[in-house]
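Student: Can you keep this structure in mind? I'll have questions shortly.
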Amino acid sequence: MKTAKKGNEWIHLDKLDRSSYQRLHDDGKKGLLTCPVCSEQVRFILGISSAPHFQHVKSRDRICSDPEIELSKPSTENIKRDINGFHLPQSRVITASRQEVNHFRATQSISQLPPYTARENRINTQNSSYIEALQKADVYLDEKQAKAVAHPNGAMLVIAGAGSGKTRVLTARTAFLIAEQKIEPNRIMLVTFTAKAANEMKARLLDYPYMTAAQIKRLVTGTFHSIFFRILIHHNPLKWDGRKLLNKEWMRGQILKDAGKELGLDDKEFAYDAALQQIGFWKNSLMTPVQIKPESDWEEKTALLFKRYEEHKAAHDLFDFDDMLTGCIALFQEQPELLEHYQKRFDHFLIDEFQDVNKVQYELIKLLSARSKNVCAVGDDDQSIYSFRGSDPRYLLDFEKDFPQADVIILDENYRSSHKIVATANKIITQNKKRRPKQMHAQFNSEQVPIFFFPDNEEEEATMIITDIGEKITLGAEPEDFAILFRTNTASRAVFERLAHSSLPFKIEQDIESFYERFIVRSMLSFLRLALNEEDQTAITSILPALFVKQSLLRDLKADSILNDCTLLESLSKTKTGFSFQERKLKKLLPVIRSLSKLSPFSAIEKVDKELGFQEFLKKRGNEGNRWEKGSDDIRDLKVAATNFASIQDFLEHADHMTAMNKEMKLQSKQRKNAVTLSTIHRAKGLEYKTVYIIGTVDGSIPHDFALESFRSGSNEPLEEERRLLYVAVTRAMEELFISIPEHWRGKKSRKSRFLTDIR
């Protein structure tokens, strides 16, 4: 059905602009829509698998024929418009042209893909009795996997494409060394990037032939940090006492903030979280404070904080996680005999996720393996997505330079995803220039084709996805089959809100903060809160940085408001700071904020943005914040969210509710097993789901604005990493893949991601 009624108002989808769809969907959920034929309640279905339509609530299978009604254009003869103070008939268009209705755009199947060809994967067992034993135990290896597992001594680089069974190769290789080559387990170092991965590998080894719990226990396994921290503790337990570890981010942040006060930095204005990340990047790149060459004013301040941070740790005998690795390198450099001891101690090194190693990790492996040269590095340059941590795919790409006798084995069979998904991923990633040439081949074909869908904006995108998941679960799918992936945390706002208002169980990662708790968002909302309550002390505190006023003023404001019997906001607006630009802004504060209560949330945000100079604050903050998530982006996202509400009161109540829901979901997510996954692409790496939705695949999102700016400045590396990020997202899907291309993103007309330009 394309026709419905809301009260006495007729609604016909062919005459309705796309921008009204979300509100129409919400009206249906509130029971405000009825069928014009039978008068039953209907809902507006906005999904992916079918065109938008109205559906009866009680009897979904009922289909009433759309009534024949005359949908004539309204007369314009007597309709007047105000243009620059003159009353003109609308039919006499002088300054504006008639806008066409923005209709729904149908989904597009990705069809121009190569045909599927089956490929037999023979198993080579002629030189290995252990591989034969694995096969009898139902641990099957294809020819290339078997070659990697039974590789003779020496360096080996295994390029393990997405879904190619790298964990099976690593564990089978470990078992092969113990069972067939008779290497003592404690002479094998198996390095992973997470403790979870290490535990999973040990659990899998228990199922392999001839492996015992006692042998597996003797293996030296763990993350880089856990393994090398054990070495440090063994040789200097007093210096590396775990009680001296700065194991919480707030501990490290407090040291920086204390140093920042001495340098005159305001902890409400300076982006200390980004500074901590930058310092970690420098340390993992083996750079000391004196070696830093700042490229901006913010980096210059961060380098000074880095120096003070290291001095504070040294003075108080403290250390952080990065010191576990840099400390080990220093130990080996200071005591060459100790390095020689560990070079003789280990015969084999197996490194997982080799594309993610950074400089300090790579140097440690090079040092320890200098004697044996028995390094088995397993990774995929096409999945290198952690440059912000110092990871660099060059170590994988240039492996043969440091290990000239290394053999390279490419695992190019994908056992996870269908042919059409793999072929789509191939078309995306082959556009990168700095990579090892390879084409992944799928082990199975499927009738399901990857789908592009085209929501109007983020709100509609979220509704379409949640509707589609609900329909699939009704047909027998499980919530755990689905993952919704996004580039940055802020991009999840609309999807989170739609899920929170649905009956679908879902889970989020611990590091996804509430959108409404983000610093810039909270600051803007505080202006709106003051429009409702001029005595809101928390809101006053939050707006001071945006007004370039020090937090120390708050105490004087409280005293002044009591002495002069006025509100905190009135007191702030009359404050004398000694700076004319501040006082001019403060003088405007009271009339602007008092005018907000009569406005819609969207208009109120726009007014604060323009009339109180919030943009000046954003520009200053933008040079100091996380380069991937800018404050200006937060405000654009906030405006999109605000369009759904008519009053500031309703919008603020919604923000508070969503913040509480976010906290509740974080507590529940660990316990929820059968639930829809809401995750950044970075967090989803290494995981797999039957159905994957990738949201916001437009320029500015994927690839991110930062990568586009770098590209325009002559640097191609960030753009190539963004393409790898999309490749990782696509290859999480096993059976179904849906890629969203919103026509509007953050309130502006968007452009399809350049990574998808050649995909039809």
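As shown in the structure tokens, the chain order sets the letters A, B, ...; within each chain, residues go from 1, and ligands are also counted from 1 in the order they appear.
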Could you pull out the residues in stretch 717-749 of chain A that DSSP calls strand (DSSP E or B) from the backbone, as a list in words?
Tutor: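 Put together, the selection reads Ala733, Met734, Glu735, Glu736, Leu737, Phe738, Ile739, Ser740, His744, Trp745, Lys748 and Lys749 of chain A.
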Student: Grab the residues selected above and save them as a short mmCIF file (atom, residue, chain, number, x, y, z; two decimals), in the first residue's frame with N, CA, C and O atoms.
Tutor:
```
data_model
loop_
_atom_site.label_atom_id
_atom_site.label_comp_id
_atom_site.auth_asym_id
_atom_site.auth_seq_id
_atom_site.Cartn_x
_atom_site.Cartn_y
_atom_site.Cartn_z
N ALA A 733 31.77 -10.31 6.53
CA ALA A 733 30.49 -10.93 6.15
C ALA A 733 30.70 -12.32 5.59
O ALA A 733 31.58 -12.55 4.75
N MET A 734 29.89 -13.25 6.02
CA MET A 734 29.96 -14.62 5.55
C MET A 734 28.95 -14.89 4.43
O MET A 734 29.27 -15.50 3.42
N GLU A 735 27.70 -14.43 4.61
CA GLU A 735 26.64 -14.76 3.66
C GLU A 735 25.99 -13.54 3.01
O GLU A 735 25.74 -13.54 1.82
N GLU A 736 25.72 -12.51 3.82
CA GLU A 736 25.03 -11.33 3.29
C GLU A 736 25.80 -10.07 3.64
O GLU A 736 26.31 -9.93 4.75
N LEU A 737 25.85 -9.15 2.68
CA LEU A 737 26.56 -7.89 2.87
C LEU A 737 25.68 -6.75 2.36
O LEU A 737 25.21 -6.78 1.23
N PHE A 738 25.47 -5.75 3.21
CA PHE A 738 24.70 -4.56 2.85
C PHE A 738 25.56 -3.33 3.09
O PHE A 738 26.05 -3.12 4.20
N ILE A 739 25.76 -2.54 2.05
CA ILE A 739 26.59 -1.35 2.13
C ILE A 739 25.70 -0.12 1.96
O ILE A 739 25.04 0.04 0.94
N SER A 740 25.68 0.73 2.98
CA SER A 740 24.80 1.90 2.97
C SER A 740 25.53 3.11 2.38
O SER A 740 26.65 3.43 2.78
N HIS A 744 22.51 11.98 2.14
CA HIS A 744 22.94 13.13 2.93
C HIS A 744 23.71 12.61 4.15
O HIS A 744 23.33 11.61 4.75
N TRP A 745 24.78 13.30 4.47
CA TRP A 745 25.62 12.87 5.61
C TRP A 745 25.97 14.11 6.42
O TRP A 745 26.47 15.09 5.89
N LYS A 748 24.52 17.40 5.00
CA LYS A 748 24.92 17.90 3.68
C LYS A 748 24.77 16.81 2.63
O LYS A 748 24.81 15.62 2.95
N LYS A 749 24.62 17.23 1.38
CA LYS A 749 24.58 16.28 0.28
C LYS A 749 25.89 15.52 0.24
O LYS A 749 26.98 16.09 0.32
#
```
Student: Can you pull out every residue from stretch 419-621 of chain A that DSSP, working from the backbone, puts in helix (DSSP H, G or I), and format the result as a PyMOL selection string?
Tutor: chain A and resi 419-429+458-474+479-481+489-500+515-517+519-532+537-543+545-547+553-563+568-573+580-596+601-611+614-621
Student: Need the shell around stretch 642-653 of chain A: protein/DNA/RNA residues with any atom at most 12 Å away, counting only C-alpha atoms. Skip same-chain ones fewer than 6 positions apart. Format as a compact mmCIF listing (two decimals) with N, CA, C and O atoms, in the first residue's frame?
Tutor:
```
# COMPACT_ATOMS: atom_id res chain seq x y z
N SER A 19 12.29 13.43 2.85
CA SER A 19 12.65 13.97 4.17
C SER A 19 11.57 13.71 5.22
O SER A 19 11.82 13.81 6.42
N SER A 20 10.35 13.36 4.77
CA SER A 20 9.24 13.10 5.70
C SER A 20 9.17 11.64 6.14
O SER A 20 8.37 11.29 7.01
N TYR A 21 9.98 10.77 5.54
CA TYR A 21 9.85 9.33 5.79
C TYR A 21 10.06 8.96 7.27
O TYR A 21 9.32 8.15 7.83
N GLN A 22 11.09 9.54 7.89
CA GLN A 22 11.39 9.14 9.26
C GLN A 22 10.26 9.53 10.21
O GLN A 22 9.86 8.74 11.07
N ARG A 23 9.74 10.73 10.02
CA ARG A 23 8.64 11.16 10.89
C ARG A 23 7.41 10.29 10.65
O ARG A 23 6.67 9.96 11.57
N LEU A 24 7.19 9.92 9.39
CA LEU A 24 6.06 9.04 9.06
C LEU A 24 6.24 7.68 9.73
O LEU A 24 5.27 7.09 10.25
N HIS A 25 7.45 7.18 9.74
CA HIS A 25 7.74 5.91 10.41
C HIS A 25 7.44 6.01 11.90
O HIS A 25 6.83 5.11 12.49
N ASP A 26 7.85 7.12 12.52
CA ASP A 26 7.60 7.33 13.95
C ASP A 26 6.10 7.48 14.23
O ASP A 26 5.61 6.97 15.25
N ASP A 27 5.38 8.15 13.33
CA ASP A 27 3.93 8.30 13.51
C ASP A 27 3.25 6.93 13.50
O ASP A 27 2.31 6.68 14.27
N ASN A 457 19.38 9.82 4.93
CA ASN A 457 20.35 10.33 5.90
C ASN A 457 20.60 9.28 6.97
O ASN A 457 20.14 8.14 6.87
N GLU A 458 21.32 9.66 8.03
CA GLU A 458 21.67 8.72 9.08
C GLU A 458 20.45 8.16 9.80
O GLU A 458 20.45 6.98 10.20
N GLU A 459 19.42 8.99 9.99
CA GLU A 459 18.22 8.53 10.70
C GLU A 459 17.51 7.45 9.90
O GLU A 459 17.14 6.40 10.44
N GLU A 460 17.33 7.71 8.62
CA GLU A 460 16.66 6.74 7.77
C GLU A 460 17.51 5.48 7.61
O GLU A 460 16.99 4.36 7.54
N ALA A 494 22.76 7.23 15.58
CA ALA A 494 21.39 6.96 15.12
C ALA A 494 21.04 5.48 15.25
O ALA A 494 19.93 5.13 15.68
N GLU A 497 20.38 4.59 18.88
CA GLU A 497 19.09 5.09 19.36
C GLU A 497 17.94 4.25 18.82
O GLU A 497 16.98 3.96 19.53
N TYR A 516 26.05 11.84 23.47
CA TYR A 516 25.68 13.06 24.18
C TYR A 516 26.61 13.39 25.34
O TYR A 516 26.47 14.44 25.96
N VAL A 521 29.66 18.00 22.30
CA VAL A 521 28.20 17.83 22.35
C VAL A 521 27.66 18.28 23.70
O VAL A 521 26.66 19.01 23.79
N ARG A 522 28.33 17.86 24.75
CA ARG A 522 27.89 18.24 26.11
C ARG A 522 27.94 19.76 26.29
O ARG A 522 27.06 20.36 26.93
N MET A 524 27.58 22.10 23.91
CA MET A 524 26.46 22.71 23.18
C MET A 524 25.14 22.47 23.90
O MET A 524 24.31 23.39 24.03
N LEU A 525 24.92 21.24 24.37
CA LEU A 525 23.67 20.95 25.07
C LEU A 525 23.53 21.78 26.35
O LEU A 525 22.41 22.07 26.79
N SER A 526 24.65 22.16 26.94
CA SER A 526 24.60 22.96 28.17
C SER A 526 24.00 24.34 27.91
O SER A 526 23.32 24.91 28.77
N PHE A 527 24.24 24.91 26.73
CA PHE A 527 23.59 26.18 26.37
C PHE A 527 22.07 25.98 26.34
O PHE A 527 21.31 26.84 26.80
N LEU A 528 21.64 24.84 25.79
CA LEU A 528 20.20 24.56 25.73
C LEU A 528 19.63 24.32 27.13
O LEU A 528 18.51 24.73 27.43
N ARG A 529 20.40 23.67 27.99
CA ARG A 529 19.93 23.42 29.36
C ARG A 529 19.74 24.73 30.12
O ARG A 529 18.81 24.88 30.92
N LEU A 530 20.63 25.68 29.88
CA LEU A 530 20.52 26.97 30.57
C LEU A 530 19.29 27.75 30.10
O LEU A 530 18.77 28.59 30.84
N ALA A 531 18.81 27.46 28.89
CA ALA A 531 17.58 28.10 28.42
C ALA A 531 16.39 27.66 29.25
O ALA A 531 15.39 28.39 29.35
N LEU A 532 16.48 26.49 29.86
CA LEU A 532 15.40 25.96 30.71
C LEU A 532 15.65 26.21 32.18
O LEU A 532 14.72 26.26 32.98
N ASN A 533 16.93 26.33 32.57
CA ASN A 533 17.27 26.53 33.99
C ASN A 533 18.56 27.34 34.10
O ASN A 533 19.65 26.81 33.91
N SER A 595 16.40 33.54 24.48
CA SER A 595 15.59 33.44 23.26
C SER A 595 15.49 32.00 22.76
O SER A 595 14.65 31.71 21.89
N LEU A 596 16.32 31.11 23.29
CA LEU A 596 16.36 29.75 22.77
C LEU A 596 15.12 28.93 23.09
O LEU A 596 14.73 28.05 22.31
N SER A 597 14.51 29.18 24.23
CA SER A 597 13.40 28.33 24.69
C SER A 597 12.23 28.32 23.72
O SER A 597 11.44 27.38 23.70
N LYS A 598 12.10 29.38 22.90
CA LYS A 598 11.00 29.45 21.94
C LYS A 598 11.34 28.77 20.62
O LYS A 598 10.48 28.66 19.74
N LEU A 599 12.59 28.33 20.47
CA LEU A 599 13.04 27.77 19.20
C LEU A 599 13.02 26.24 19.22
O LEU A 599 12.99 25.62 20.29
N SER A 600 13.05 25.66 18.05
CA SER A 600 13.25 24.20 17.95
C SER A 600 14.69 23.90 18.35
O SER A 600 15.57 24.79 18.28
N PRO A 601 15.00 22.67 18.76
CA PRO A 601 16.39 22.34 19.12
C PRO A 601 17.37 22.63 17.99
O PRO A 601 18.47 23.16 18.24
N PHE A 602 16.98 22.32 16.75
CA PHE A 602 17.87 22.58 15.62
C PHE A 602 18.18 24.07 15.49
O PHE A 602 19.34 24.47 15.36
N SER A 603 17.15 24.89 15.55
CA SER A 603 17.34 26.34 15.42
C SER A 603 18.13 26.90 16.59
O SER A 603 18.94 27.83 16.42
N ALA A 604 17.91 26.35 17.78
CA ALA A 604 18.64 26.81 18.97
C ALA A 604 20.13 26.52 18.83
O ALA A 604 20.97 27.37 19.16
N ILE A 605 20.46 25.34 18.35
CA ILE A 605 21.88 24.99 18.15
C ILE A 605 22.51 25.91 17.11
O ILE A 605 23.63 26.40 17.30
N GLU A 606 21.77 26.17 16.03
CA GLU A 606 22.29 27.07 14.99
C GLU A 606 22.54 28.46 15.55
O GLU A 606 23.54 29.11 15.22
N ILE A 635 29.02 18.65 16.12
CA ILE A 635 27.91 19.60 16.05
C ILE A 635 27.01 19.29 14.86
O ILE A 635 25.77 19.36 14.96
N ARG A 636 27.59 18.91 13.73
CA ARG A 636 26.76 18.53 12.58
C ARG A 636 25.92 17.31 12.91
O ARG A 636 24.75 17.23 12.54
N THR A 659 22.01 8.55 27.10
CA THR A 659 23.24 8.45 27.90
C THR A 659 23.11 7.34 28.94
O THR A 659 24.03 6.54 29.13
N ALA A 660 21.96 7.30 29.60
CA ALA A 660 21.72 6.25 30.60
C ALA A 660 21.67 4.88 29.94
O ALA A 660 22.21 3.90 30.48
N ARG A 746 25.65 14.09 7.69
CA ARG A 746 25.88 15.22 8.58
C ARG A 746 25.25 16.50 8.04
O ARG A 746 25.83 17.57 8.08
N GLY A 747 24.03 16.33 7.50
CA GLY A 747 23.26 17.48 7.07
C GLY A 747 23.61 18.03 5.71
O GLY A 747 23.04 19.03 5.28
```
Student: So the first atom is atom CA of A:Gly47 and the second is atom CA of A:Trp10; what is the distance between them in Å, to one decimal place?
Tutor: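 For atom CA of A:Gly47 relative to atom CA of A:Trp10, the distance reads 22.2 Å.
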Student: May I have a table of the residues of stretch 514-628 of chain A lying at most 12 Å from stretch 663-674 of chain A, giving each one's closest pair of atoms and their distance in Å to one decimal, counting only C-alpha atoms, ordered by chain and ascending residue number, as CSV?
Tutor:
```
residue,atom,partner,partner_atom,distance
A:Ser514,CA,A:Lys663,CA,7.8
A:Phe515,CA,A:Lys663,CA,11.5
A:Tyr516,CA,A:Lys663,CA,11.8
A:Glu517,CA,A:Lys663,CA,10.8
```
Student: Now that the selection is made, can you save its residues with N, CA, C and O atoms as a CSV table (one decimal), in the first residue's frame?
Tutor:
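Result written to again_0.csv:
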```csv
chain,number,residue,atom,x,y,z
A,514,SER,N,28.8,7.5,25.1
A,514,SER,CA,27.5,8.1,24.7
A,514,SER,C,27.8,9.3,23.8
A,514,SER,O,28.6,10.1,24.2
A,515,PHE,N,27.1,9.4,22.7
A,515,PHE,CA,27.3,10.5,21.8
A,515,PHE,C,27.1,11.8,22.6
A,515,PHE,O,27.8,12.8,22.4
A,516,TYR,N,26.1,11.8,23.5
A,516,TYR,CA,25.7,13.1,24.2
A,516,TYR,C,26.6,13.4,25.3
A,516,TYR,O,26.5,14.4,26.0
A,517,GLU,N,27.6,12.5,25.6
A,517,GLU,CA,28.6,12.8,26.7
A,517,GLU,C,29.9,13.3,26.1
A,517,GLU,O,30.8,13.6,26.8
```
Student: When you count only C-alpha atoms, which of these residues is closest to A:Asp266: A:Asn662, A:Asn432, A:Ser561, A:Gln551?
Tutor: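 Of all the options, A:Gln551 lies closest to A:Asp266.
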Student: Do you know which residues are at most 9 Å from A:Arg119 counting only C-alpha atoms, after dropping those on the same chain fewer than 6 positions away, and could you put them as a compact mmCIF listing (two decimals) with N, CA and C atoms, in the first residue's frame?
Tutor:
```txt
# COMPACT_ATOMS: atom_id res chain seq x y z
N HIS A 441 40.31 -16.12 -3.31
CA HIS A 441 39.36 -16.99 -4.02
C HIS A 441 38.44 -17.64 -2.99
N ALA A 442 37.14 -17.55 -3.23
CA ALA A 442 36.17 -18.11 -2.28
C ALA A 442 36.02 -19.61 -2.47
N GLN A 443 35.73 -20.31 -1.40
CA GLN A 443 35.54 -21.75 -1.44
C GLN A 443 34.11 -22.16 -1.74
```
Student: Could you give me, as a tab-separated table, every stretch 404-511 of chain A residue with an atom at most 8 Å from stretch 681-689 of chain A, plus its closest atom pair and distance in Å to one decimal, counting only C-alpha atoms, rows ordered by chain then number?
Tutor:
```
residue	atom	partner	partner_atom	distance
A:Arg416	CA	A:Glu688	CA	7.8
A:Glu480	CA	A:Tyr689	CA	7.8
A:Asp481	CA	A:Tyr689	CA	5.5
A:Phe482	CA	A:Tyr689	CA	6.0
A:Ala483	CA	A:Tyr689	CA	6.4
A:Leu485	CA	A:Ile681	CA	5.5
A:Phe486	CA	A:Ile681	CA	5.8
A:Arg487	CA	A:Ile681	CA	6.0
```
Student: Using only C-alpha atoms, determine which residues lie at most 9 Å from A:Arg754, disregarding the query and same-chain residues fewer than 2 positions distant; provide the list as a VMD selection string.
Tutor: chain A and resid 698 to 699 702 to 703 751 to 752 756 to 758
Student: Next, dump the selected residues to file, keeping only N, CA and C atoms, as a compact mmCIF listing (two decimals), in the first residue's frame.
Tutor:
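Heads up, here's the output in out_19.txt:
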```
# COMPACT_ATOMS: atom_id res chain seq x y z
N VAL A 698 30.42 6.95 2.49
CA VAL A 698 30.49 8.14 1.64
C VAL A 698 31.80 8.85 1.92
N ASP A 699 32.26 9.65 0.97
CA ASP A 699 33.47 10.43 1.18
C ASP A 699 33.28 11.35 2.39
N ILE A 702 33.97 7.12 5.05
CA ILE A 702 34.92 6.11 4.58
C ILE A 702 35.16 6.39 3.10
N PRO A 703 36.25 7.06 2.72
CA PRO A 703 37.38 7.49 3.55
C PRO A 703 37.03 8.70 4.41
N ARG A 751 28.60 12.26 -1.17
CA ARG A 751 29.11 11.65 -2.40
C ARG A 751 29.51 10.22 -2.08
N LYS A 752 29.07 9.30 -2.90
CA LYS A 752 29.42 7.89 -2.75
C LYS A 752 30.93 7.73 -2.54
N LEU A 756 34.11 2.86 -3.92
CA LEU A 756 33.05 2.07 -4.55
C LEU A 756 32.75 2.52 -5.98
N THR A 757 33.51 3.47 -6.47
CA THR A 757 33.22 4.08 -7.77
C THR A 757 33.16 3.05 -8.90
N ASP A 758 34.07 2.08 -8.89
CA ASP A 758 34.15 1.11 -9.98
C ASP A 758 33.36 -0.16 -9.72
```
Student: Nearest to A:Arg555: which of A:Cys328, A:Thr171, A:Phe388, A:Ser571 is it, counting only C-alpha atoms?
Tutor: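 The shortest atom-to-atom distance to A:Arg555 comes from A:Ser571.
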Student: Pick from A:Leu305, A:Val692, A:Ala175, A:Leu238: nearest to A:Ala259, with only C-alpha atoms counted?
Tutor: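 Ranked by minimum distance to A:Ala259, first place goes to A:Leu305.
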Student: Find the residues of stretch 319-404 of chain A that sit at most 10 Å from stretch 148-154 of chain A; for each, write down the nearest two atoms and how far apart they are in Å, to one decimal. Count only C-alpha atoms. Sort by chain, then by number going up, and give it as JSON lines.
Tutor:
```
{"residue": "A:Asp347", "atom": "CA", "partner": "A:Asn153", "partner_atom": "CA", "distance": 9.5}
{"residue": "A:His348", "atom": "CA", "partner": "A:Asn153", "partner_atom": "CA", "distance": 8.7}
{"residue": "A:Ser372", "atom": "CA", "partner": "A:Gly154", "partner_atom": "CA", "distance": 7.5}
{"residue": "A:Lys373", "atom": "CA", "partner": "A:Gly154", "partner_atom": "CA", "distance": 5.5}
{"residue": "A:Asn374", "atom": "CA", "partner": "A:Gly154", "partner_atom": "CA", "distance": 4.5}
{"residue": "A:Val375", "atom": "CA", "partner": "A:Gly154", "partner_atom": "CA", "distance": 6.7}
{"residue": "A:Cys376", "atom": "CA", "partner": "A:Gly154", "partner_atom": "CA", "distance": 8.3}
{"residue": "A:Val378", "atom": "CA", "partner": "A:Ala148", "partner_atom": "CA", "distance": 9.9}
{"residue": "A:Phe403", "atom": "CA", "partner": "A:Gly154", "partner_atom": "CA", "distance": 9.0}
```
Student: Which of these residues is nearest to A:Met324, using only C-alpha atoms: A:Glu570, A:Asp241, A:Asp609, A:Glu709?
Tutor: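 Closest candidate: A:Asp241.
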Student: Restrict the calculation to only C-alpha atoms, then for each residue of stretch 372-412 of chain A with any atom at most 9 Å from an atom of stretch 157-170 of chain A give the closest atom pair and their distance in Å to one decimal, rows by chain and rising residue number, as a tab-separated table.
Tutor:
```
residue	atom	partner	partner_atom	distance
A:Val375	CA	A:Leu157	CA	8.0
A:Cys376	CA	A:Leu157	CA	6.0
A:Ala377	CA	A:Leu157	CA	4.9
A:Val378	CA	A:Val158	CA	4.7
A:Gly379	CA	A:Ile159	CA	5.4
A:Asp380	CA	A:Ile159	CA	5.3
A:Asp381	CA	A:Ile159	CA	7.7
A:Asp382	CA	A:Gly161	CA	7.6
A:Gln383	CA	A:Ala162	CA	7.9
A:Leu396	CA	A:Leu157	CA	8.0
A:Phe399	CA	A:Leu157	CA	7.5
A:Glu400	CA	A:Leu157	CA	8.6
A:Ala406	CA	A:Leu157	CA	6.8
A:Asp407	CA	A:Leu157	CA	6.2
A:Val408	CA	A:Leu157	CA	4.8
A:Ile409	CA	A:Val158	CA	4.9
A:Ile410	CA	A:Ile159	CA	4.7
A:Leu411	CA	A:Ala160	CA	4.9
A:Asp412	CA	A:Gly161	CA	5.8
```
Student: Please save N, CA, C and O atoms of the selected residues as a CSV table (one decimal), in the first residue's frame.
Tutor:
```
chain,number,residue,atom,x,y,z
A,375,VAL,N,61.9,-17.3,12.1
A,375,VAL,CA,60.7,-16.5,12.3
A,375,VAL,C,59.6,-16.9,11.4
A,375,VAL,O,59.8,-16.9,10.2
A,376,CYS,N,58.5,-17.2,11.9
A,376,CYS,CA,57.3,-17.5,11.1
A,376,CYS,C,56.3,-16.3,11.4
A,376,CYS,O,55.7,-16.2,12.4
A,377,ALA,N,56.3,-15.3,10.4
A,377,ALA,CA,55.4,-14.2,10.6
A,377,ALA,C,54.2,-14.4,9.7
A,377,ALA,O,54.3,-14.6,8.5
A,378,VAL,N,53.0,-14.3,10.4
A,378,VAL,CA,51.7,-14.5,9.7
A,378,VAL,C,50.9,-13.2,9.7
A,378,VAL,O,50.7,-12.7,10.8
A,379,GLY,N,50.5,-12.7,8.6
A,379,GLY,CA,49.7,-11.5,8.5
A,379,GLY,C,49.2,-11.2,7.1
A,379,GLY,O,49.4,-11.9,6.2
A,380,ASP,N,48.5,-10.1,7.0
A,380,ASP,CA,48.0,-9.6,5.7
A,380,ASP,C,48.1,-8.1,5.6
A,380,ASP,O,47.5,-7.4,6.4
A,381,ASP,N,48.9,-7.7,4.7
A,381,ASP,CA,49.1,-6.2,4.5
A,381,ASP,C,47.8,-5.5,4.1
A,381,ASP,O,47.6,-4.3,4.4
A,382,ASP,N,46.8,-6.3,3.5
A,382,ASP,CA,45.5,-5.7,3.2
A,382,ASP,C,44.7,-5.4,4.4
A,382,ASP,O,43.6,-4.8,4.3
A,383,GLN,N,45.1,-5.9,5.6
A,383,GLN,CA,44.3,-5.7,6.8
A,383,GLN,C,45.1,-4.9,7.9
A,383,GLN,O,44.9,-5.0,9.1
A,396,LEU,N,55.9,-5.8,7.0
A,396,LEU,CA,55.5,-7.0,6.3
A,396,LEU,C,55.9,-6.9,4.8
A,396,LEU,O,56.4,-7.9,4.2
A,399,PHE,N,59.8,-7.5,4.4
A,399,PHE,CA,60.3,-8.5,5.3
A,399,PHE,C,61.6,-9.2,4.8
A,399,PHE,O,62.5,-9.4,5.5
A,400,GLU,N,61.6,-9.3,3.5
A,400,GLU,CA,62.8,-10.0,2.9
A,400,GLU,C,64.1,-9.2,3.0
A,400,GLU,O,65.2,-9.7,2.9
A,406,ALA,N,64.2,-15.5,3.4
A,406,ALA,CA,62.8,-15.9,3.8
A,406,ALA,C,62.0,-16.5,2.6
A,406,ALA,O,62.2,-16.0,1.5
A,407,ASP,N,61.2,-17.5,2.9
A,407,ASP,CA,60.2,-18.0,1.9
A,407,ASP,C,58.9,-17.2,2.2
A,407,ASP,O,58.6,-16.9,3.3
A,408,VAL,N,58.2,-16.9,1.1
A,408,VAL,CA,56.9,-16.3,1.2
A,408,VAL,C,55.8,-17.2,0.7
A,408,VAL,O,55.9,-17.7,-0.5
A,409,ILE,N,54.9,-17.4,1.5
A,409,ILE,CA,53.7,-18.3,1.1
A,409,ILE,C,52.4,-17.5,1.2
A,409,ILE,O,52.2,-16.8,2.2
A,410,ILE,N,51.7,-17.5,0.1
A,410,ILE,CA,50.4,-16.7,0.1
A,410,ILE,C,49.2,-17.6,0.2
A,410,ILE,O,49.0,-18.5,-0.6
A,411,LEU,N,48.5,-17.4,1.3
A,411,LEU,CA,47.2,-18.2,1.5
A,411,LEU,C,46.1,-17.3,0.9
A,411,LEU,O,45.7,-16.3,1.4
A,412,ASP,N,45.6,-17.8,-0.3
A,412,ASP,CA,44.6,-17.0,-1.0
A,412,ASP,C,43.3,-17.7,-1.2
A,412,ASP,O,42.5,-17.3,-2.0
```
Student: Find the residues around A:Leu364 up to 10 Å (only C-alpha atoms counted), leave out those fewer than 2 positions away in its own chain, and share them as a PyMOL selection string.
Tutor: chain A and resi 224+228+325-326+328-329+332+359-362+366-369
Student: Report as a PyMOL selection string all protein, DNA and RNA residues lying within 8 Å of stretch 245-258 of chain A, evaluated on only C-alpha atoms, omitting residues in the same chain fewer than 3 positions from it.
Tutor: chain A and resi 240-242+261-262+267+272-273+276+305-306+308-309+312+318-321
Student: Provide the atom CA of A:Ile484 to atom CA of A:Pro437 distance in Å, to one decimal place.
Tutor: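 Pair atom CA of A:Ile484 / atom CA of A:Pro437 returns 29.5 Å.
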